[in-house]
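Listing of final-v3.cif; format and content: mmCIF, C-alpha atoms.
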```cif
data_coords
#
loop_
_atom_site.label_atom_id
_atom_site.label_comp_id
_atom_site.auth_asym_id
_atom_site.auth_seq_id
_atom_site.Cartn_x
_atom_site.Cartn_y
_atom_site.Cartn_z
CA MET A 1052 -42.57 -62.58 -34.22
CA LYS A 1053 -41.25 -63.93 -37.53
CA PHE A 1054 -39.63 -61.74 -40.18
CA HIS A 1055 -40.35 -62.77 -43.76
CA ALA A 1056 -37.98 -61.91 -46.54
CA ILE A 1057 -39.44 -60.10 -49.52
CA ASP A 1058 -38.10 -61.53 -52.77
CA LEU A 1059 -37.82 -59.06 -55.56
CA PRO A 1060 -38.64 -60.28 -59.14
CA ASN A 1061 -35.87 -62.21 -60.80
CA GLY A 1062 -35.57 -64.84 -63.47
CA LYS A 1063 -36.26 -67.70 -61.05
CA TYR A 1064 -39.43 -66.39 -59.49
CA THR A 1065 -42.65 -67.02 -61.49
CA GLN A 1066 -46.20 -67.41 -60.21
CA PRO A 1067 -48.47 -66.73 -63.26
CA ASN A 1068 -51.53 -67.78 -61.36
CA ASN A 1069 -51.29 -64.73 -58.89
CA PRO A 1070 -51.54 -61.44 -60.88
CA HIS A 1071 -52.37 -59.34 -57.77
CA LYS A 1072 -49.17 -60.31 -56.06
CA ASN A 1073 -47.19 -59.57 -59.18
CA LEU A 1074 -48.75 -56.13 -59.40
CA PHE A 1075 -47.89 -55.43 -55.74
CA LEU A 1076 -44.26 -56.43 -56.23
CA LEU A 1077 -43.96 -54.22 -59.27
CA ALA A 1078 -45.31 -51.22 -57.38
CA LEU A 1079 -42.97 -51.87 -54.48
CA THR A 1080 -40.00 -52.00 -56.84
CA LEU A 1081 -40.91 -48.64 -58.34
CA VAL A 1082 -41.18 -47.07 -54.86
CA LEU A 1083 -37.73 -48.35 -53.88
CA LEU A 1084 -36.18 -47.15 -57.13
CA ILE A 1085 -37.49 -43.64 -56.45
CA THR A 1086 -36.78 -43.38 -52.71
CA ILE A 1087 -33.24 -44.84 -52.59
CA PRO A 1088 -31.67 -42.03 -54.72
CA LEU A 1089 -33.50 -39.42 -52.61
CA CYS A 1090 -32.08 -40.90 -49.42
CA LEU A 1091 -28.60 -40.95 -50.85
CA ASN A 1092 -28.96 -37.30 -51.87
CA ASN A 1093 -30.06 -36.33 -48.35
CA ILE A 1094 -27.08 -38.15 -46.82
CA SER A 1095 -24.68 -36.26 -49.06
CA ASN A 1096 -26.19 -32.98 -47.82
CA SER A 1097 -26.15 -33.93 -44.12
CA PRO A 1098 -24.17 -31.78 -41.64
CA LEU A 1099 -21.28 -34.23 -41.09
CA PRO A 1100 -17.77 -32.76 -41.01
CA SER A 1101 -16.46 -32.19 -44.48
CA PRO A 1102 -12.80 -32.73 -45.41
CA LYS A 1103 -12.49 -28.95 -45.50
CA SER A 1104 -13.81 -28.50 -41.95
CA ASN A 1105 -11.54 -31.31 -40.71
CA ALA A 1106 -8.57 -29.55 -42.23
CA GLY A 1107 -9.52 -26.36 -40.41
CA SER A 1108 -9.78 -28.25 -37.13
CA SER A 1109 -6.39 -29.85 -37.70
CA LYS A 1110 -4.87 -26.44 -38.34
CA SER A 1111 -6.38 -25.13 -35.12
CA MET A 1112 -4.99 -28.05 -33.10
CA GLU A 1113 -1.65 -27.70 -34.82
CA LYS A 1114 -1.54 -24.01 -33.89
CA GLU A 1115 -2.27 -24.86 -30.23
CA ASP A 1116 0.40 -27.56 -30.23
CA GLN A 1117 2.91 -25.03 -31.49
CA CYS A 1118 2.24 -22.65 -28.59
CA GLN A 1119 5.50 -22.52 -26.69
CA ILE A 1120 4.92 -20.84 -23.33
CA PHE A 1121 8.64 -20.46 -22.64
CA SER A 1122 9.30 -18.20 -25.62
CA GLY A 1123 7.75 -14.75 -25.77
CA ASN A 1124 7.97 -11.15 -24.56
CA TRP A 1125 6.93 -9.02 -21.63
CA VAL A 1126 4.01 -6.78 -22.55
CA PRO A 1127 2.61 -3.77 -20.64
CA TYR A 1128 -0.19 -4.61 -18.21
CA PRO A 1129 -1.01 -1.20 -16.72
CA ASP A 1130 -3.48 -2.38 -14.09
CA GLY A 1131 -1.18 -5.18 -12.97
CA PRO A 1132 -2.36 -8.69 -12.05
CA ALA A 1133 -3.05 -7.33 -8.51
CA TYR A 1134 -2.79 -10.77 -6.96
CA TYR A 1135 -1.47 -9.40 -3.67
CA THR A 1136 0.58 -6.60 -2.12
CA ASN A 1137 3.08 -6.44 0.72
CA GLU A 1138 0.16 -5.28 2.88
CA THR A 1139 -2.29 -8.06 1.93
CA CYS A 1140 0.23 -10.92 2.22
CA ASN A 1141 2.09 -11.25 5.51
CA LEU A 1142 4.22 -14.16 4.25
CA ILE A 1143 6.72 -12.01 2.29
CA ILE A 1144 10.14 -12.16 3.90
CA ASP A 1145 12.03 -8.89 4.29
CA GLN A 1146 14.68 -9.90 1.77
CA GLN A 1147 12.06 -9.73 -1.01
CA ASN A 1148 9.73 -7.09 0.45
CA CYS A 1149 10.83 -4.25 -1.82
CA MET A 1150 7.83 -1.98 -1.27
CA LYS A 1151 8.06 -2.23 2.52
CA PHE A 1152 11.61 -0.94 2.39
CA GLY A 1153 10.94 2.01 0.14
CA ARG A 1154 11.28 1.02 -3.49
CA PRO A 1155 9.91 4.17 -5.17
CA ASP A 1156 8.77 2.75 -8.54
CA THR A 1157 5.93 0.31 -9.21
CA GLU A 1158 6.19 -0.18 -12.98
CA PHE A 1159 8.09 -3.47 -12.53
CA MET A 1160 4.79 -4.98 -11.33
CA LYS A 1161 2.88 -3.89 -14.45
CA TRP A 1162 4.14 -6.32 -17.09
CA ARG A 1163 2.90 -9.78 -18.12
CA TRP A 1164 4.69 -12.62 -19.86
CA LYS A 1165 3.12 -13.08 -23.32
CA PRO A 1166 4.12 -16.29 -25.13
CA ASP A 1167 4.63 -15.90 -28.87
CA ALA A 1168 1.54 -17.79 -30.03
CA CYS A 1169 -0.85 -17.96 -27.10
CA GLU A 1170 -1.95 -16.40 -23.83
CA LEU A 1171 -0.67 -17.57 -20.45
CA PRO A 1172 -3.73 -17.63 -18.14
CA LEU A 1173 -3.70 -15.62 -14.94
CA PHE A 1174 -3.10 -17.52 -11.73
CA ASP A 1175 -6.28 -18.98 -10.20
CA ALA A 1176 -5.62 -19.82 -6.56
CA ALA A 1177 -8.83 -21.83 -6.06
CA GLN A 1178 -8.13 -23.89 -9.16
CA PHE A 1179 -4.54 -24.54 -8.09
CA LEU A 1180 -5.63 -25.76 -4.66
CA GLU A 1181 -8.14 -28.15 -6.22
CA LEU A 1182 -5.50 -29.57 -8.57
CA VAL A 1183 -3.13 -30.29 -5.68
CA ARG A 1184 -5.70 -31.51 -3.18
CA GLY A 1185 -4.19 -34.38 -1.21
CA LYS A 1186 -0.74 -33.76 -2.74
CA SER A 1187 2.61 -32.35 -1.64
CA LEU A 1188 5.11 -30.04 -3.35
CA ALA A 1189 8.78 -29.44 -2.52
CA PHE A 1190 11.12 -26.72 -3.76
CA LEU A 1191 14.55 -28.36 -3.77
CA GLY A 1192 17.56 -26.09 -4.15
CA ASP A 1193 18.72 -22.63 -3.14
CA SER A 1194 17.11 -19.38 -1.93
CA VAL A 1195 15.81 -18.48 -5.41
CA GLY A 1196 13.73 -21.66 -5.24
CA ARG A 1197 12.51 -20.50 -1.85
CA ASN A 1198 11.70 -17.18 -3.56
CA GLN A 1199 9.27 -19.06 -5.83
CA MET A 1200 7.75 -20.81 -2.82
CA GLN A 1201 7.16 -17.43 -1.10
CA SER A 1202 5.46 -16.20 -4.27
CA LEU A 1203 3.18 -19.25 -4.32
CA LEU A 1204 2.27 -18.78 -0.65
CA CYS A 1205 1.17 -15.20 -1.37
CA LEU A 1206 -0.75 -16.19 -4.50
CA LEU A 1207 -2.66 -18.81 -2.52
CA ALA A 1208 -3.24 -16.37 0.35
CA THR A 1209 -6.00 -14.77 -1.74
CA VAL A 1210 -8.01 -17.91 -0.89
CA THR A 1211 -6.54 -19.28 2.33
CA TYR A 1212 -3.51 -19.18 4.61
CA PRO A 1213 -1.48 -22.28 5.54
CA GLU A 1214 -0.33 -23.53 8.91
CA ASP A 1215 3.42 -23.27 9.44
CA ILE A 1216 4.59 -26.69 10.65
CA SER A 1217 8.31 -26.19 9.97
CA HIS A 1218 9.29 -26.78 13.61
CA LYS A 1219 7.92 -30.34 13.43
CA TYR A 1220 10.43 -31.30 10.75
CA SER A 1221 13.56 -29.26 11.32
CA SER A 1222 15.39 -27.26 13.96
CA ASN A 1223 16.68 -24.96 11.21
CA THR A 1224 13.43 -23.24 10.30
CA ASP A 1225 15.14 -20.37 8.49
CA TYR A 1226 16.16 -22.71 5.68
CA PHE A 1227 13.80 -25.69 5.96
CA LYS A 1228 10.21 -24.51 5.77
CA ARG A 1229 7.04 -26.57 5.62
CA TYR A 1230 3.41 -25.41 5.39
CA VAL A 1231 0.14 -27.34 5.27
CA TYR A 1232 -3.22 -26.25 3.83
CA ASN A 1233 -5.45 -28.31 6.08
CA ASP A 1234 -8.65 -27.73 4.11
CA HIS A 1235 -7.01 -29.22 1.01
CA ASN A 1236 -4.56 -31.64 2.65
CA PHE A 1237 -1.82 -29.96 0.62
CA THR A 1238 1.77 -29.49 1.83
CA ILE A 1239 4.45 -27.09 0.55
CA ALA A 1240 8.07 -27.42 1.65
CA ASN A 1241 11.45 -25.89 0.99
CA LEU A 1242 14.34 -28.38 1.02
CA TRP A 1243 17.44 -26.22 1.32
CA SER A 1244 20.35 -27.65 -0.68
CA PRO A 1245 22.08 -25.05 -2.88
CA TYR A 1246 24.45 -27.63 -4.43
CA PHE A 1247 22.23 -30.77 -4.30
CA VAL A 1248 25.37 -32.72 -3.38
CA LYS A 1249 27.39 -33.15 -0.20
CA SER A 1250 29.40 -30.02 0.60
CA ARG A 1251 31.58 -28.60 3.36
CA ASP A 1252 33.79 -25.62 4.06
CA VAL A 1253 37.47 -26.24 3.37
CA ASP A 1254 38.17 -24.03 6.38
CA PRO A 1255 35.26 -24.53 8.84
CA SER A 1256 36.27 -21.46 10.85
CA GLY A 1257 36.35 -19.06 7.89
CA HIS A 1258 33.02 -19.33 6.06
CA ASP A 1259 31.85 -16.30 4.09
CA PHE A 1260 30.13 -15.60 0.77
CA ASN A 1261 33.29 -16.26 -1.22
CA SER A 1262 35.23 -18.80 0.87
CA LEU A 1263 36.48 -22.06 -0.62
CA MET A 1264 34.15 -25.07 -0.41
CA SER A 1265 34.42 -28.75 -1.27
CA LEU A 1266 31.74 -30.40 -3.38
CA TYR A 1267 31.37 -34.18 -3.59
CA LEU A 1268 29.79 -34.22 -7.03
CA ASP A 1269 28.60 -37.84 -7.04
CA GLU A 1270 27.16 -37.90 -3.47
CA PRO A 1271 23.65 -36.49 -2.89
CA ASP A 1272 23.08 -34.16 0.05
CA GLU A 1273 21.46 -36.04 2.95
CA ALA A 1274 19.47 -32.92 3.86
CA TRP A 1275 17.02 -33.53 1.00
CA LEU A 1276 17.67 -37.23 0.36
CA THR A 1277 16.03 -38.25 3.64
CA GLN A 1278 12.80 -36.33 2.92
CA VAL A 1279 12.18 -36.17 -0.82
CA GLU A 1280 10.34 -39.51 -1.19
CA GLN A 1281 7.37 -37.99 0.68
CA PHE A 1282 6.56 -35.54 -2.14
CA ASP A 1283 4.33 -35.80 -5.21
CA TYR A 1284 5.94 -32.84 -7.02
CA VAL A 1285 9.53 -31.64 -6.71
CA ILE A 1286 10.79 -28.43 -8.35
CA VAL A 1287 14.56 -28.59 -8.69
CA SER A 1288 16.56 -25.36 -9.18
CA ALA A 1289 19.99 -23.95 -8.41
CA GLY A 1290 22.49 -21.53 -9.88
CA GLN A 1291 24.46 -18.73 -8.29
CA TRP A 1292 26.28 -20.80 -5.67
CA PHE A 1293 28.23 -22.60 -8.39
CA PHE A 1294 30.13 -19.42 -9.30
CA ARG A 1295 32.11 -19.34 -6.05
CA PRO A 1296 35.54 -21.01 -5.44
CA LEU A 1297 35.02 -24.79 -5.24
CA ILE A 1298 37.09 -27.95 -4.95
CA TYR A 1299 35.56 -30.90 -6.80
CA HIS A 1300 35.58 -34.47 -5.48
CA GLU A 1301 34.48 -37.56 -7.41
CA ASN A 1302 34.83 -41.24 -6.58
CA GLY A 1303 36.33 -40.33 -3.22
CA ARG A 1304 39.19 -38.18 -4.51
CA VAL A 1305 39.91 -34.59 -5.49
CA ILE A 1306 39.76 -34.14 -9.28
CA GLY A 1307 40.29 -30.38 -9.56
CA CYS A 1308 38.69 -27.07 -8.71
CA HIS A 1309 36.80 -24.00 -9.87
CA LYS A 1310 38.30 -20.54 -9.23
CA CYS A 1311 40.38 -21.92 -6.37
CA GLY A 1312 43.63 -20.21 -7.37
CA GLN A 1313 45.73 -23.31 -6.77
CA ASP A 1314 48.25 -23.99 -9.53
CA ASN A 1315 48.68 -27.67 -8.68
CA MET A 1316 45.00 -28.47 -9.45
CA THR A 1317 43.13 -29.01 -12.69
CA SER A 1318 40.88 -26.02 -13.35
CA PHE A 1319 37.27 -26.65 -14.41
CA VAL A 1320 34.72 -24.26 -15.90
CA THR A 1321 31.52 -23.50 -13.96
CA SER A 1322 29.35 -25.73 -16.14
CA TYR A 1323 31.33 -28.86 -15.19
CA GLY A 1324 30.37 -28.96 -11.53
CA TYR A 1325 26.90 -27.57 -12.32
CA GLY A 1326 26.13 -30.35 -14.78
CA LYS A 1327 27.51 -33.05 -12.47
CA ALA A 1328 25.36 -31.83 -9.56
CA PHE A 1329 22.20 -31.96 -11.67
CA ARG A 1330 23.17 -35.39 -12.94
CA THR A 1331 23.48 -36.59 -9.35
CA VAL A 1332 20.14 -35.18 -8.20
CA PHE A 1333 18.29 -36.58 -11.23
CA ARG A 1334 20.02 -39.97 -10.96
CA THR A 1335 19.17 -40.16 -7.27
CA LEU A 1336 15.50 -39.27 -7.76
CA ARG A 1337 15.27 -41.83 -10.53
CA SER A 1338 16.73 -44.58 -8.37
CA LEU A 1339 14.84 -43.99 -5.11
CA LYS A 1340 12.52 -46.95 -4.59
CA ASN A 1341 9.67 -45.00 -2.99
CA TYR A 1342 9.87 -41.83 -5.07
CA LYS A 1343 6.95 -41.74 -7.51
CA GLY A 1344 6.76 -37.98 -7.93
CA VAL A 1345 6.95 -35.64 -10.90
CA THR A 1346 10.24 -33.71 -11.04
CA PHE A 1347 10.29 -30.25 -12.61
CA LEU A 1348 13.54 -28.57 -13.59
CA ARG A 1349 13.08 -24.81 -13.19
CA THR A 1350 15.97 -23.50 -15.25
CA PHE A 1351 18.74 -21.07 -14.34
CA SER A 1352 17.61 -17.68 -13.01
CA PRO A 1353 19.94 -14.91 -14.27
CA SER A 1354 21.30 -12.17 -12.06
CA HIS A 1355 21.57 -8.60 -13.42
CA PHE A 1356 24.54 -6.89 -11.80
CA GLU A 1357 25.68 -3.80 -13.67
CA ASN A 1358 28.50 -1.34 -12.95
CA GLY A 1359 30.51 -4.07 -11.25
CA ALA A 1360 30.28 -7.60 -9.84
CA TRP A 1361 28.17 -8.41 -6.77
CA ASN A 1362 31.11 -7.72 -4.44
CA GLU A 1363 32.54 -4.82 -6.44
CA GLY A 1364 29.78 -2.23 -6.25
CA GLY A 1365 27.44 -3.82 -8.81
CA ASN A 1366 23.76 -2.90 -8.71
CA CYS A 1367 20.48 -3.26 -10.64
CA VAL A 1368 18.70 0.08 -10.92
CA ARG A 1369 16.66 -0.45 -14.10
CA THR A 1370 12.91 0.08 -13.92
CA LYS A 1371 11.78 -1.59 -17.18
CA PRO A 1372 12.33 -4.95 -18.86
CA PHE A 1373 14.98 -5.46 -21.52
CA THR A 1374 13.93 -5.96 -25.11
CA LYS A 1375 15.29 -9.04 -26.87
CA GLU A 1376 17.60 -6.76 -28.83
CA GLU A 1377 19.23 -5.51 -25.63
CA THR A 1378 20.40 -8.87 -24.31
CA LYS A 1379 21.11 -12.36 -25.62
CA LEU A 1380 20.39 -15.83 -24.27
CA ASP A 1381 23.31 -17.43 -26.14
CA GLU A 1382 25.76 -16.95 -23.27
CA TYR A 1383 23.75 -19.02 -20.80
CA VAL A 1384 25.70 -22.25 -21.02
CA LEU A 1385 24.48 -23.28 -17.56
CA GLU A 1386 20.87 -23.45 -18.75
CA MET A 1387 21.90 -25.64 -21.68
CA THR A 1388 23.93 -27.89 -19.36
CA GLN A 1389 21.04 -28.55 -16.97
CA VAL A 1390 18.57 -29.10 -19.82
CA GLU A 1391 20.89 -31.72 -21.33
CA GLU A 1392 21.01 -33.53 -17.98
CA LEU A 1393 17.20 -33.35 -17.73
CA LYS A 1394 16.75 -34.90 -21.18
CA ALA A 1395 18.99 -37.81 -20.22
CA ALA A 1396 17.05 -38.28 -16.96
CA GLU A 1397 13.74 -38.09 -18.83
CA GLU A 1398 14.70 -40.95 -21.14
CA GLN A 1399 16.03 -43.11 -18.32
CA GLY A 1400 13.08 -42.29 -16.07
CA LEU A 1401 10.65 -43.84 -18.55
CA GLN A 1402 11.93 -47.26 -17.53
CA ARG A 1403 10.59 -46.74 -13.98
CA GLY A 1404 7.65 -44.51 -14.83
CA VAL A 1405 9.27 -41.49 -13.13
CA GLN A 1406 8.48 -38.21 -14.87
CA PHE A 1407 10.95 -35.36 -15.46
CA ARG A 1408 9.60 -32.13 -16.94
CA LEU A 1409 11.11 -28.85 -18.08
CA MET A 1410 10.03 -25.44 -16.74
CA ASP A 1411 12.25 -23.14 -18.79
CA THR A 1412 12.02 -19.66 -17.28
CA THR A 1413 15.53 -18.46 -18.24
CA GLU A 1414 14.56 -16.48 -21.35
CA ALA A 1415 11.72 -14.71 -19.57
CA MET A 1416 13.80 -13.75 -16.55
CA LEU A 1417 16.84 -12.69 -18.54
CA LEU A 1418 14.64 -9.84 -19.80
CA ARG A 1419 13.75 -8.60 -16.26
CA PRO A 1420 16.67 -6.61 -14.80
CA ASP A 1421 14.05 -4.41 -13.12
CA GLY A 1422 12.60 -7.16 -10.91
CA HIS A 1423 15.33 -7.49 -8.25
CA PRO A 1424 15.39 -5.97 -4.74
CA ASN A 1425 18.67 -4.10 -5.38
CA PHE A 1426 18.98 -2.21 -2.05
CA TYR A 1427 15.25 -2.51 -1.16
CA GLY A 1428 15.40 -5.89 0.54
CA HIS A 1429 16.63 -6.50 4.07
CA SER A 1430 18.14 -9.65 5.54
CA PRO A 1431 19.80 -10.32 8.90
CA HIS A 1432 22.33 -12.55 7.11
CA ARG A 1433 23.28 -10.13 4.32
CA ASN A 1434 25.75 -7.27 4.10
CA MET A 1435 23.42 -4.35 3.40
CA THR A 1436 26.11 -2.48 1.45
CA LEU A 1437 25.74 -5.14 -1.27
CA ALA A 1438 22.92 -4.97 -3.80
CA ASP A 1439 20.69 -8.01 -4.28
CA CYS A 1440 20.37 -8.54 -8.04
CA VAL A 1441 19.80 -12.30 -7.69
CA HIS A 1442 16.48 -12.68 -5.88
CA TRP A 1443 13.15 -11.19 -7.00
CA CYS A 1444 10.80 -8.65 -5.43
CA LEU A 1445 7.40 -9.83 -4.24
CA PRO A 1446 5.07 -9.13 -5.87
CA GLY A 1447 6.96 -9.13 -9.14
CA PRO A 1448 8.00 -11.11 -12.22
CA VAL A 1449 8.71 -14.25 -10.18
CA ASP A 1450 4.92 -14.68 -9.84
CA THR A 1451 4.99 -15.70 -13.51
CA TRP A 1452 6.80 -18.91 -12.54
CA ASN A 1453 3.71 -20.02 -10.65
CA GLU A 1454 1.39 -19.03 -13.49
CA ILE A 1455 3.53 -21.39 -15.61
CA LEU A 1456 3.43 -24.08 -12.91
CA LEU A 1457 -0.37 -23.96 -12.77
CA TYR A 1458 -0.58 -24.10 -16.56
CA MET A 1459 1.71 -27.16 -16.66
CA LEU A 1460 -0.20 -28.97 -13.91
CA LYS A 1461 -3.53 -28.23 -15.57
CA THR A 1462 -2.62 -29.08 -19.16
CA GLY A 1463 0.30 -31.50 -18.85
CA TYR A 1464 2.22 -29.11 -21.09
CA ARG A 1465 5.58 -30.29 -22.40
CA PRO A 1466 7.74 -28.17 -24.71
CA PRO A 1467 8.15 -29.53 -28.25
#
```
For the structure just supplied, provide its representation as structure tokens.
Amino acid sequence: MKFHAIDLPNGKYTQPNNPHKNLFLLALTLVLLITIPLCLNNISNSPLPSPKSNAGSSKSMEKEDQCQIFSGNWVPYPDGPAYYTNETCNLIIDQQNCMKFGRPDTEFMKWRWKPDACELPLFDAAQFLELVRGKSLAFLGDSVGRNQMQSLLCLLATVTYPEDISHKYSSNTDYFKRYVYNDHNFTIANLWSPYFVKSRDVDPSGHDFNSLMSLYLDEPDEAWLTQVEQFDYVIVSAGQWFFRPLIYHENGRVIGCHKCGQDNMTSFVTSYGYGKAFRTVFRTLRSLKNYKGVTFLRTFSPSHFENGAWNEGGNCVRTKPFTKEETKLDEYVLEMTQVEELKAAEEQGLQRGVQFRLMDTTEAMLLRPDGHPNFYGHSPHRNMTLADCVHWCLPGPVDTWNEILLYMLKTGYRPP
């Protein structure tokens, strides 16, 4: 088929011997002159986005971008999330099983974390298991990290129970736990390392909760170093162990101590050793050839001892959250120290494509003095005359950490 151009009348086109053709061209010109303006008018009234509607959309996106899930308040939630109870989840250890051991109040379970400018979705166990299908997750750190793992196990128990395979990987199954969800090929593990770095008792025969220990701040702990490359996600957390008496080693020599009571040694504040330990764990993860995982820093979890220190009769008897006017975040230098180390690791990790991400739960948990076991948790390794105002009851506010984890996995959320 050939397409023929139609030449409109102009000064060069004259065929006086064909009046019919001239008449046709004139009529066609009139039709075009009438229809073109009408078409243009219709286009201007078409339902394409106007500048005004685009501006509204931009404002909506801007508002969502400004939603900071780590800043907010606890709001009443009278019916409670009701994810699980101590009777429906048999994976709660006695140390955190407050209801089993007679805690009389239940109000501590009836609050939800409400970010300032958005809603934090409830935990969806089926959705979580789909997101992590074929993956593995490790909680690297101390017993508060294990506390989060126990919470996650109970949250997922509403859908399925895992197989405990701890004995295949460690002879110390009290501290090194590993579970597999066979239907989803998903593994959860706890890598016990409360300091992240190599440590030992100064007096091997006299270990107790407050005995002097040596930390080798620039040497990673082999207990996690030999296993961590297997994992797709690693949640790093630590805190309370750094308050005890410690001797610091760097570059193969003693450089000073923390609360050691030895006049001939340089005295360091708590944040020094804390920051150095996080620097070592982040540096090591960044440099491991086979580690391709995403590292989350779950920030410092505050304790809430009142009426004395942990070993001086302190307890935590409150039954409601603090308001922001009742307590201040400013004093938490440790949280700022670890976040600074994370930012440095994040920048350096870009060179290898290793991701470091912040899960800042400190503000939320600072407001929850009511969420601890106090005297309603039992442990074979703990002096029962001492209150536990460090760990968290299950169920309880610690479940919020896993709501945040799911939100971050699902959305890729990063704080501004």
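Coordinates place atom CA of A:Arg1349 at a distance of 18.1 Å from atom CA of A:Glu1398.
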Hits of the PyMOL selection byres ((chain A and resi 1213) around 12) in this structure, as an MDAnalysis selection string: chainID A and resid 1140:1142 1180 1201 1203:1212 1214:1217 1228:1240
Explicit residue set for the PyMOL selection byres ((chain A and resi 1394) around 12), as a VMD selection string: chain A and resid 1329 to 1330 1333 to 1334 1347 to 1348 1387 to 1393 1395 to 1401 1406 to 1409 1466
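The residues returned by the PyMOL selection byres ((chain A and resi 1448) around 7) on the shown structure are A:Met1160, A:Gly1422, A:Gly1447, A:Val1449, A:Asp1450, A:Thr1451.
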Using all atoms listed in the file, which protein or nucleic acid residues come within 8 Å of stretch 1368-1371 of chain A? Drop anything in the same chain fewer than 4 positions from it, and give the result as an mmCIF file with C-alpha atoms, in the frame of the given file.
```
data_model
loop_
_atom_site.group_PDB
_atom_site.id
_atom_site.type_symbol
_atom_site.label_atom_id
_atom_site.label_comp_id
_atom_site.auth_asym_id
_atom_site.auth_seq_id
_atom_site.Cartn_x
_atom_site.Cartn_y
_atom_site.Cartn_z
ATOM 1 C CA ASP A 1156 8.770 2.750 -8.540
ATOM 2 C CA GLU A 1158 6.190 -0.180 -12.980
ATOM 3 C CA PHE A 1159 8.090 -3.470 -12.530
ATOM 4 C CA ARG A 1419 13.750 -8.600 -16.260
ATOM 5 C CA PRO A 1420 16.670 -6.610 -14.800
ATOM 6 C CA ASP A 1421 14.050 -4.410 -13.120
ATOM 7 C CA GLY A 1422 12.600 -7.160 -10.910
ATOM 8 C CA ASN A 1425 18.670 -4.100 -5.380
#
```
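Nearest residue to A:Gly1290, choosing from A:Asn1198, A:Asn1124, A:Thr1374, A:Thr1321 and counting all atoms listed in the file: A:Thr1321.
Of the residues listed (A:Phe1247, A:Trp1361, A:Tyr1135, A:Trp1162), A:Phe1247 shows the shortest atom-to-atom separation from A:Tyr1325; distances use all atoms listed in the file.
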Minimum-distance residue to A:Asn1261, chosen among A:Asn1362, A:Thr1224, A:Gln1281, A:Ser1354 (using all atoms listed in the file): A:Asn1362
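Proximity to A:Lys1310 was assessed for A:Tyr1323, A:Phe1294, A:Phe1373, A:Tyr1464 counting all atoms listed in the file; the smallest distance is recorded for A:Phe1294.
The shortest atom-to-atom distance to A:Lys1161, with all atoms listed in the file taken into account, belongs to A:Trp1125 out of A:Lys1186, A:Asn1453, A:Trp1125, A:Ser1338.
Atom CA of A:Val1405 is found 16.1 Å from atom CA of A:Ser1187.
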Polymer residues at most 10 Å from A:Ala1438, all atoms listed in the file, same-chain spacing of 2 or more positions, as a ChimeraX atom specification: /A:1356,1360-1368,1423-1428,1433-1436,1440-1441
Contact residues around A:Leu1417 with all atoms listed in the file at 9 Å, ignoring same-chain residues under 2 positions, as a list in words: Ser1352, Pro1353, Ser1354, His1355, Pro1372, Phe1373, Thr1378, Lys1379, Leu1380, Thr1412, Thr1413, Glu1414, Ala1415, Arg1419 and Pro1420 of chain A
Stretch 1313-1319 of chain A surroundings by all atoms listed in the file, 12 Å radius, close-in-sequence under 5 positions cut, as number ranges by chain: A: 1263, 1293-1294, 1296-1300, 1305-1308, 1324-1327
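Between atom CA of A:Leu1276 and atom CA of A:Asp1252 the interatomic distance comes to 20.2 Å.
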Selected residue of minimal separation from A:Asp1283 among A:Tyr1226, A:Trp1443, A:Phe1190, A:Phe1351, counting all atoms listed in the file: A:Phe1190
Contact residues around A:Asn1223 with all atoms listed in the file at 12 Å, ignoring same-chain residues under 4 positions, as a PyMOL selection string: chain A and resi 1217-1219+1227-1229+1241-1243+1274
